[in-house]
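Working notes, structure below.
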Amino acid sequence: MRDCVADQGSCGCCLMWREMDRLTTYFNSTLNALEDEYQRTTRSLDRMEASRSAFSVALTANNNLICFGPFPSDELITYQHVFINLGGGYSADTGVFTVPHSGVYSVALTSYSDAGSAGNVLAVGADLLVNGQTVTGNRENNQQDQEDSATAVLVLHLAAGDKVAANMPAGCFLCDDRSHYNTFSAFLLYPTE
């Protein structure tokens, strides 16, 4: 750089070196900012992928119509046919979905029963429980027809570790076969952690 002051012929070269230094500094700072943004985006995508949670189950996949109940007391429903269990939160052994990530979930519960013949008492029902407390229920108890069904769909804010299950009230019964009339499903709309 001192040569630039002493020798006018080298000034153009000095100016080019200065411009190259400025561009190199600008390029490096821009590259660092892009790398930081890329890392933040990658971490965000990793968190979203890790928080994916969804399950959908049916009472049974049996070829023949099978009825469960009625029981003298309320019974947790253990859905045996698993369509999807993304995140592993649903247990087919217990019938309980353990919420893996805090967030807003869509939860759906459908129940169906067949009295067997017209005139028989028909009592279909299921309650949606969160941590053992009834959030909503659907039931039908009549003698006007041979079969009934009901569906409840909710959006709930659930915390990690919450237990979500379906309960069959005393005196009710459910019937199902490979058509999957009785289903229980939930999926994470967005995490709130």
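Ligands are numbered from 1 in the order shown, chains are lettered A, B, ... in the order of the structure tokens, and residues start at 1 in each chain.
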Practice problem: Enumerate the residues of region 42-181 of chain A with a DSSP assignment of alpha helix (DSSP H), computed from the backbone, and present them as an NGL selection string. | Solution: :A and (42-50)
Export of prior selection with N, CA, C and O atoms as a PDB file, in the first residue's frame:
```
ATOM      1  N   THR A  42     -32.420 -26.027   9.331  1.00  0.00           N
ATOM      2  CA  THR A  42     -32.225 -27.469   9.534  1.00  0.00           C
ATOM      3  C   THR A  42     -32.700 -27.886  10.916  1.00  0.00           C
ATOM      4  O   THR A  42     -33.401 -28.899  11.063  1.00  0.00           O
ATOM      5  N   ARG A  43     -32.364 -27.120  11.955  1.00  0.00           N
ATOM      6  CA  ARG A  43     -32.822 -27.444  13.310  1.00  0.00           C
ATOM      7  C   ARG A  43     -34.343 -27.373  13.407  1.00  0.00           C
ATOM      8  O   ARG A  43     -34.973 -28.228  14.028  1.00  0.00           O
ATOM      9  N   SER A  44     -34.935 -26.373  12.766  1.00  0.00           N
ATOM     10  CA  SER A  44     -36.397 -26.247  12.779  1.00  0.00           C
ATOM     11  C   SER A  44     -37.050 -27.435  12.079  1.00  0.00           C
ATOM     12  O   SER A  44     -38.028 -27.996  12.584  1.00  0.00           O
ATOM     13  N   LEU A  45     -36.533 -27.832  10.937  1.00  0.00           N
ATOM     14  CA  LEU A  45     -37.076 -28.993  10.231  1.00  0.00           C
ATOM     15  C   LEU A  45     -36.889 -30.270  11.042  1.00  0.00           C
ATOM     16  O   LEU A  45     -37.780 -31.125  11.074  1.00  0.00           O
ATOM     17  N   ASP A  46     -35.743 -30.413  11.698  1.00  0.00           N
ATOM     18  CA  ASP A  46     -35.512 -31.590  12.550  1.00  0.00           C
ATOM     19  C   ASP A  46     -36.521 -31.639  13.694  1.00  0.00           C
ATOM     20  O   ASP A  46     -37.047 -32.704  14.016  1.00  0.00           O
ATOM     21  N   ARG A  47     -36.809 -30.478  14.306  1.00  0.00           N
ATOM     22  CA  ARG A  47     -37.796 -30.428  15.384  1.00  0.00           C
ATOM     23  C   ARG A  47     -39.185 -30.788  14.862  1.00  0.00           C
ATOM     24  O   ARG A  47     -39.925 -31.517  15.510  1.00  0.00           O
ATOM     25  N   MET A  48     -39.518 -30.273  13.673  1.00  0.00           N
ATOM     26  CA  MET A  48     -40.824 -30.598  13.098  1.00  0.00           C
ATOM     27  C   MET A  48     -40.923 -32.090  12.795  1.00  0.00           C
ATOM     28  O   MET A  48     -41.940 -32.714  13.085  1.00  0.00           O
ATOM     29  N   GLU A  49     -39.876 -32.660  12.237  1.00  0.00           N
ATOM     30  CA  GLU A  49     -39.900 -34.091  11.925  1.00  0.00           C
ATOM     31  C   GLU A  49     -39.989 -34.925  13.193  1.00  0.00           C
ATOM     32  O   GLU A  49     -40.736 -35.898  13.261  1.00  0.00           O
ATOM     33  N   ALA A  50     -39.258 -34.536  14.219  1.00  0.00           N
ATOM     34  CA  ALA A  50     -39.278 -35.279  15.485  1.00  0.00           C
ATOM     35  C   ALA A  50     -40.628 -35.159  16.180  1.00  0.00           C
ATOM     36  O   ALA A  50     -41.015 -36.046  16.936  1.00  0.00           O
TER      37      ALA A  50
END
```
Exercise. From a DSSP calculation on the backbone, collect every residue of region 29-191 of chain A in strand (DSSP E) and output the set as a ChimeraX atom specification.
Key: /A:54-58,66-68,75-76,81-86,90-91,96-98,103-114,122-130,133-142,147-158,163-168,174-176,183-191
Near region 103-114 of chain A, within 8 Å and counting only C-alpha atoms, which residues show up once chain neighbours fewer than 4 positions away are dropped, as a short mmCIF file (atom, residue, chain, number, x, y, z; two decimals) with all heavy atoms, in the first residue's frame?
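The file below, selection04.cif, is the result:
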```cif
data_model
loop_
_atom_site.label_atom_id
_atom_site.label_comp_id
_atom_site.auth_asym_id
_atom_site.auth_seq_id
_atom_site.Cartn_x
_atom_site.Cartn_y
_atom_site.Cartn_z
N CYS A 67 -69.10 -58.30 18.40
CA CYS A 67 -69.57 -57.27 19.33
C CYS A 67 -68.86 -57.41 20.67
O CYS A 67 -68.58 -58.53 21.12
CB CYS A 67 -71.08 -57.37 19.52
SG CYS A 67 -71.99 -56.99 18.00
N LEU A 122 -80.62 -51.35 21.70
CA LEU A 122 -79.37 -50.93 21.10
C LEU A 122 -78.75 -49.85 21.97
O LEU A 122 -79.38 -48.83 22.22
CB LEU A 122 -79.63 -50.38 19.70
CG LEU A 122 -78.43 -49.81 18.95
CD1 LEU A 122 -77.40 -50.90 18.71
CD2 LEU A 122 -78.88 -49.21 17.64
N ALA A 123 -77.58 -50.10 22.47
CA ALA A 123 -76.90 -49.13 23.32
C ALA A 123 -75.47 -49.00 22.83
O ALA A 123 -74.61 -49.80 23.17
CB ALA A 123 -76.94 -49.56 24.78
N VAL A 124 -75.21 -48.01 22.00
CA VAL A 124 -73.87 -47.76 21.49
C VAL A 124 -73.33 -46.52 22.17
O VAL A 124 -74.07 -45.59 22.47
CB VAL A 124 -73.87 -47.59 19.94
CG1 VAL A 124 -74.72 -46.41 19.53
CG2 VAL A 124 -72.47 -47.46 19.40
N GLY A 125 -72.04 -46.52 22.45
CA GLY A 125 -71.48 -45.33 23.08
C GLY A 125 -70.00 -45.44 23.31
O GLY A 125 -69.45 -46.54 23.46
N ALA A 126 -69.36 -44.29 23.35
CA ALA A 126 -67.94 -44.20 23.67
C ALA A 126 -67.67 -42.79 24.19
O ALA A 126 -68.27 -41.83 23.71
CB ALA A 126 -67.08 -44.51 22.46
N LEU A 128 -64.57 -39.99 25.12
CA LEU A 128 -63.18 -39.62 24.93
C LEU A 128 -62.64 -39.11 26.26
O LEU A 128 -63.21 -38.19 26.85
CB LEU A 128 -63.04 -38.55 23.85
CG LEU A 128 -61.62 -38.08 23.58
CD1 LEU A 128 -60.81 -39.21 22.95
CD2 LEU A 128 -61.63 -36.88 22.66
N ASN A 138 -70.25 -39.87 22.98
CA ASN A 138 -71.33 -40.05 22.02
C ASN A 138 -72.02 -41.37 22.36
O ASN A 138 -71.37 -42.35 22.66
CB ASN A 138 -70.83 -40.01 20.57
CG ASN A 138 -69.71 -40.98 20.29
OD1 ASN A 138 -69.73 -42.12 20.75
ND2 ASN A 138 -68.74 -40.56 19.52
N GLN A 146 -82.00 -51.05 14.12
CA GLN A 146 -81.11 -52.16 14.42
C GLN A 146 -79.67 -51.72 14.64
O GLN A 146 -78.91 -52.39 15.31
CB GLN A 146 -81.16 -53.18 13.27
CG GLN A 146 -80.33 -54.42 13.54
CD GLN A 146 -80.46 -55.43 12.43
OE1 GLN A 146 -81.48 -55.48 11.76
NE2 GLN A 146 -79.43 -56.24 12.26
N GLU A 147 -79.27 -50.60 14.07
CA GLU A 147 -77.89 -50.16 14.22
C GLU A 147 -77.81 -48.65 14.36
O GLU A 147 -78.68 -47.92 13.90
CB GLU A 147 -77.04 -50.63 13.04
CG GLU A 147 -77.58 -50.26 11.69
CD GLU A 147 -76.82 -50.92 10.56
OE1 GLU A 147 -75.64 -51.26 10.72
OE2 GLU A 147 -77.42 -51.09 9.49
N ASP A 148 -76.76 -48.20 15.04
CA ASP A 148 -76.51 -46.78 15.24
C ASP A 148 -75.02 -46.51 15.25
O ASP A 148 -74.21 -47.39 15.57
CB ASP A 148 -77.10 -46.29 16.57
CG ASP A 148 -78.55 -45.85 16.42
OD1 ASP A 148 -78.85 -45.18 15.43
OD2 ASP A 148 -79.36 -46.21 17.29
N SER A 149 -74.67 -45.28 14.95
CA SER A 149 -73.28 -44.85 15.04
C SER A 149 -73.24 -43.39 15.44
O SER A 149 -74.22 -42.67 15.31
CB SER A 149 -72.55 -45.07 13.71
OG SER A 149 -73.10 -44.25 12.72
N ALA A 150 -72.11 -42.98 15.94
CA ALA A 150 -71.92 -41.59 16.35
C ALA A 150 -70.44 -41.25 16.20
O ALA A 150 -69.58 -42.12 16.32
CB ALA A 150 -72.37 -41.40 17.80
N THR A 151 -70.17 -39.97 15.96
CA THR A 151 -68.80 -39.52 15.79
C THR A 151 -68.59 -38.22 16.55
O THR A 151 -69.47 -37.35 16.55
CB THR A 151 -68.47 -39.30 14.30
OG1 THR A 151 -68.61 -40.53 13.61
CG2 THR A 151 -67.06 -38.78 14.10
N ALA A 152 -67.43 -38.09 17.15
CA ALA A 152 -67.03 -36.84 17.79
C ALA A 152 -65.65 -36.47 17.24
O ALA A 152 -64.75 -37.32 17.19
CB ALA A 152 -66.95 -37.00 19.30
N VAL A 153 -65.50 -35.23 16.81
CA VAL A 153 -64.22 -34.73 16.32
C VAL A 153 -63.92 -33.45 17.08
O VAL A 153 -64.75 -32.54 17.11
CB VAL A 153 -64.24 -34.46 14.80
CG1 VAL A 153 -62.90 -33.90 14.34
CG2 VAL A 153 -64.60 -35.72 14.03
N LEU A 154 -62.76 -33.41 17.71
CA LEU A 154 -62.38 -32.26 18.54
C LEU A 154 -60.98 -31.78 18.19
O LEU A 154 -60.17 -32.55 17.68
CB LEU A 154 -62.37 -32.64 20.02
CG LEU A 154 -63.65 -33.16 20.62
CD1 LEU A 154 -63.38 -33.79 21.96
CD2 LEU A 154 -64.63 -32.02 20.77
N VAL A 155 -60.71 -30.53 18.51
CA VAL A 155 -59.35 -30.00 18.48
C VAL A 155 -59.02 -29.67 19.93
O VAL A 155 -59.74 -28.92 20.59
CB VAL A 155 -59.25 -28.75 17.58
CG1 VAL A 155 -57.87 -28.12 17.68
CG2 VAL A 155 -59.57 -29.12 16.14
N LEU A 156 -57.94 -30.29 20.43
CA LEU A 156 -57.57 -30.14 21.85
C LEU A 156 -56.12 -29.72 21.99
O LEU A 156 -55.26 -30.19 21.24
CB LEU A 156 -57.75 -31.48 22.58
CG LEU A 156 -59.15 -32.08 22.62
CD1 LEU A 156 -59.09 -33.49 23.21
CD2 LEU A 156 -60.07 -31.20 23.43
N HIS A 157 -55.87 -28.87 22.99
CA HIS A 157 -54.48 -28.58 23.35
C HIS A 157 -54.07 -29.62 24.39
O HIS A 157 -54.66 -29.70 25.47
CB HIS A 157 -54.34 -27.17 23.93
CG HIS A 157 -52.92 -26.81 24.18
ND1 HIS A 157 -52.32 -26.95 25.39
CD2 HIS A 157 -51.96 -26.36 23.33
CE1 HIS A 157 -51.06 -26.59 25.31
NE2 HIS A 157 -50.82 -26.23 24.06
N LEU A 158 -53.07 -30.43 24.04
CA LEU A 158 -52.62 -31.51 24.92
C LEU A 158 -51.16 -31.30 25.30
O LEU A 158 -50.38 -30.78 24.49
CB LEU A 158 -52.79 -32.87 24.22
CG LEU A 158 -54.23 -33.23 23.81
CD1 LEU A 158 -54.23 -34.46 22.91
CD2 LEU A 158 -55.08 -33.46 25.05
N ALA A 159 -50.82 -31.69 26.50
CA ALA A 159 -49.45 -31.57 26.98
C ALA A 159 -48.73 -32.91 26.83
O ALA A 159 -49.35 -33.97 26.87
CB ALA A 159 -49.45 -31.14 28.45
N ALA A 160 -47.43 -32.84 26.65
CA ALA A 160 -46.63 -34.06 26.56
C ALA A 160 -46.88 -34.90 27.82
O ALA A 160 -46.89 -34.39 28.93
CB ALA A 160 -45.15 -33.72 26.45
N ALA A 166 -60.28 -44.02 24.85
CA ALA A 166 -61.73 -44.10 24.64
C ALA A 166 -62.29 -45.08 25.65
O ALA A 166 -61.68 -46.11 25.95
CB ALA A 166 -62.04 -44.55 23.22
N PHE A 173 -72.46 -51.37 23.99
CA PHE A 173 -71.63 -52.33 23.29
C PHE A 173 -71.27 -51.79 21.91
O PHE A 173 -71.94 -50.89 21.38
CB PHE A 173 -72.27 -53.71 23.22
CG PHE A 173 -73.61 -53.77 22.53
CD1 PHE A 173 -73.71 -54.19 21.22
CD2 PHE A 173 -74.77 -53.46 23.23
CE1 PHE A 173 -74.94 -54.27 20.59
CE2 PHE A 173 -76.01 -53.55 22.61
CZ PHE A 173 -76.10 -53.95 21.28
N LEU A 174 -70.18 -52.31 21.36
CA LEU A 174 -69.67 -51.89 20.06
C LEU A 174 -69.52 -53.12 19.19
O LEU A 174 -69.15 -54.19 19.68
CB LEU A 174 -68.31 -51.21 20.21
CG LEU A 174 -68.25 -49.99 21.13
CD1 LEU A 174 -66.81 -49.53 21.29
CD2 LEU A 174 -69.12 -48.87 20.59
N CYS A 175 -69.80 -52.97 17.91
CA CYS A 175 -69.65 -54.06 16.94
C CYS A 175 -68.75 -53.59 15.81
O CYS A 175 -68.86 -52.46 15.36
CB CYS A 175 -71.00 -54.48 16.39
SG CYS A 175 -72.15 -55.08 17.65
N ASP A 176 -67.88 -54.50 15.37
CA ASP A 176 -66.95 -54.12 14.32
C ASP A 176 -66.53 -55.35 13.53
O ASP A 176 -66.65 -56.48 13.98
CB ASP A 176 -65.72 -53.45 14.93
CG ASP A 176 -65.08 -52.44 13.99
OD1 ASP A 176 -65.53 -52.29 12.84
OD2 ASP A 176 -64.10 -51.79 14.41
N TYR A 181 -65.85 -49.88 11.58
CA TYR A 181 -66.89 -48.93 11.98
C TYR A 181 -66.50 -48.14 13.23
O TYR A 181 -67.00 -47.04 13.45
CB TYR A 181 -68.20 -49.66 12.28
CG TYR A 181 -68.72 -50.50 11.13
CD1 TYR A 181 -68.82 -51.88 11.25
CD2 TYR A 181 -69.11 -49.91 9.94
CE1 TYR A 181 -69.31 -52.65 10.21
CE2 TYR A 181 -69.59 -50.68 8.89
CZ TYR A 181 -69.69 -52.04 9.03
OH TYR A 181 -70.15 -52.80 8.00
N ASN A 182 -65.67 -48.73 14.08
CA ASN A 182 -65.25 -48.08 15.33
C ASN A 182 -63.79 -47.67 15.19
O ASN A 182 -62.90 -48.52 15.14
CB ASN A 182 -65.40 -49.05 16.51
CG ASN A 182 -66.85 -49.32 16.82
OD1 ASN A 182 -67.49 -48.55 17.51
ND2 ASN A 182 -67.38 -50.41 16.28
N THR A 183 -63.56 -46.36 15.15
CA THR A 183 -62.19 -45.86 14.97
C THR A 183 -61.86 -44.80 16.01
O THR A 183 -62.74 -44.15 16.57
CB THR A 183 -62.01 -45.26 13.56
OG1 THR A 183 -62.93 -44.18 13.39
CG2 THR A 183 -62.19 -46.31 12.47
N PHE A 184 -60.58 -44.65 16.23
CA PHE A 184 -60.04 -43.69 17.18
C PHE A 184 -58.78 -43.14 16.53
O PHE A 184 -57.90 -43.92 16.14
CB PHE A 184 -59.75 -44.41 18.50
CG PHE A 184 -59.17 -43.57 19.61
CD1 PHE A 184 -59.45 -42.22 19.74
CD2 PHE A 184 -58.35 -44.16 20.55
CE1 PHE A 184 -58.93 -41.48 20.79
CE2 PHE A 184 -57.82 -43.44 21.60
CZ PHE A 184 -58.10 -42.10 21.72
N SER A 185 -58.69 -41.83 16.35
CA SER A 185 -57.56 -41.23 15.64
C SER A 185 -57.19 -39.89 16.26
O SER A 185 -58.04 -39.20 16.82
CB SER A 185 -57.91 -40.99 14.16
OG SER A 185 -58.32 -42.16 13.54
N ALA A 186 -55.93 -39.55 16.10
CA ALA A 186 -55.46 -38.22 16.51
C ALA A 186 -54.21 -37.89 15.72
O ALA A 186 -53.45 -38.78 15.34
CB ALA A 186 -55.17 -38.16 18.00
N PHE A 187 -54.02 -36.60 15.48
CA PHE A 187 -52.77 -36.16 14.86
C PHE A 187 -52.43 -34.76 15.33
O PHE A 187 -53.31 -33.96 15.65
CB PHE A 187 -52.80 -36.26 13.33
CG PHE A 187 -53.85 -35.42 12.68
CD1 PHE A 187 -53.59 -34.11 12.29
CD2 PHE A 187 -55.11 -35.94 12.43
CE1 PHE A 187 -54.57 -33.35 11.67
CE2 PHE A 187 -56.10 -35.19 11.81
CZ PHE A 187 -55.82 -33.88 11.44
N LEU A 188 -51.15 -34.49 15.38
CA LEU A 188 -50.65 -33.19 15.83
C LEU A 188 -50.81 -32.17 14.71
O LEU A 188 -50.31 -32.36 13.61
CB LEU A 188 -49.16 -33.31 16.20
CG LEU A 188 -48.45 -32.06 16.64
CD1 LEU A 188 -49.03 -31.51 17.94
CD2 LEU A 188 -46.96 -32.34 16.83
N LEU A 189 -51.57 -31.12 15.00
CA LEU A 189 -51.72 -30.03 14.04
C LEU A 189 -50.48 -29.14 14.05
O LEU A 189 -49.91 -28.81 13.01
CB LEU A 189 -52.96 -29.19 14.34
CG LEU A 189 -54.30 -29.89 14.15
CD1 LEU A 189 -55.42 -29.06 14.73
CD2 LEU A 189 -54.53 -30.16 12.68
N TYR A 190 -50.06 -28.73 15.27
CA TYR A 190 -48.80 -28.00 15.41
C TYR A 190 -48.33 -28.09 16.86
O TYR A 190 -49.11 -28.11 17.78
CB TYR A 190 -48.92 -26.54 14.96
CG TYR A 190 -49.91 -25.70 15.72
CD1 TYR A 190 -49.53 -25.03 16.88
CD2 TYR A 190 -51.23 -25.60 15.30
CE1 TYR A 190 -50.44 -24.26 17.59
CE2 TYR A 190 -52.14 -24.83 15.99
CZ TYR A 190 -51.73 -24.17 17.13
OH TYR A 190 -52.63 -23.41 17.82
N PRO A 191 -46.99 -28.16 17.03
CA PRO A 191 -46.45 -28.26 18.39
C PRO A 191 -46.47 -26.90 19.08
O PRO A 191 -46.46 -25.86 18.44
CB PRO A 191 -45.01 -28.73 18.16
CG PRO A 191 -44.68 -28.29 16.77
CD PRO A 191 -45.97 -28.27 16.01
N THR A 192 -46.51 -26.93 20.41
CA THR A 192 -46.49 -25.69 21.19
C THR A 192 -45.34 -25.70 22.19
O THR A 192 -45.33 -24.90 23.11
CB THR A 192 -47.82 -25.48 21.94
OG1 THR A 192 -48.09 -26.62 22.77
CG2 THR A 192 -48.96 -25.26 20.97
N GLU A 193 -44.37 -26.58 22.00
CA GLU A 193 -43.22 -26.65 22.91
C GLU A 193 -42.24 -25.56 22.57
O GLU A 193 -42.04 -25.21 21.47
CB GLU A 193 -42.51 -28.00 22.80
CG GLU A 193 -43.41 -29.14 23.07
CD GLU A 193 -42.71 -30.48 23.00
OE1 GLU A 193 -41.99 -30.75 22.02
OE2 GLU A 193 -42.91 -31.27 23.93
#
```
Quiz item: Interatomic distance between CA of Gly89 (chain A) and CA of Ile66 (chain A)?
Solution: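 Straight-line distance from CA of Gly89 (chain A) to CA of Ile66 (chain A) works out to 26.3 Å.
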Exercise. Identify which of the residues A:Ile84, A:Met168, A:Val99, A:Ala92 lies closest to Thr60 (chain A), counting only C-alpha atoms when measuring atom-to-atom distances.
Key: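 For Thr60 (chain A), the nearest of the candidates is A:Ala92.
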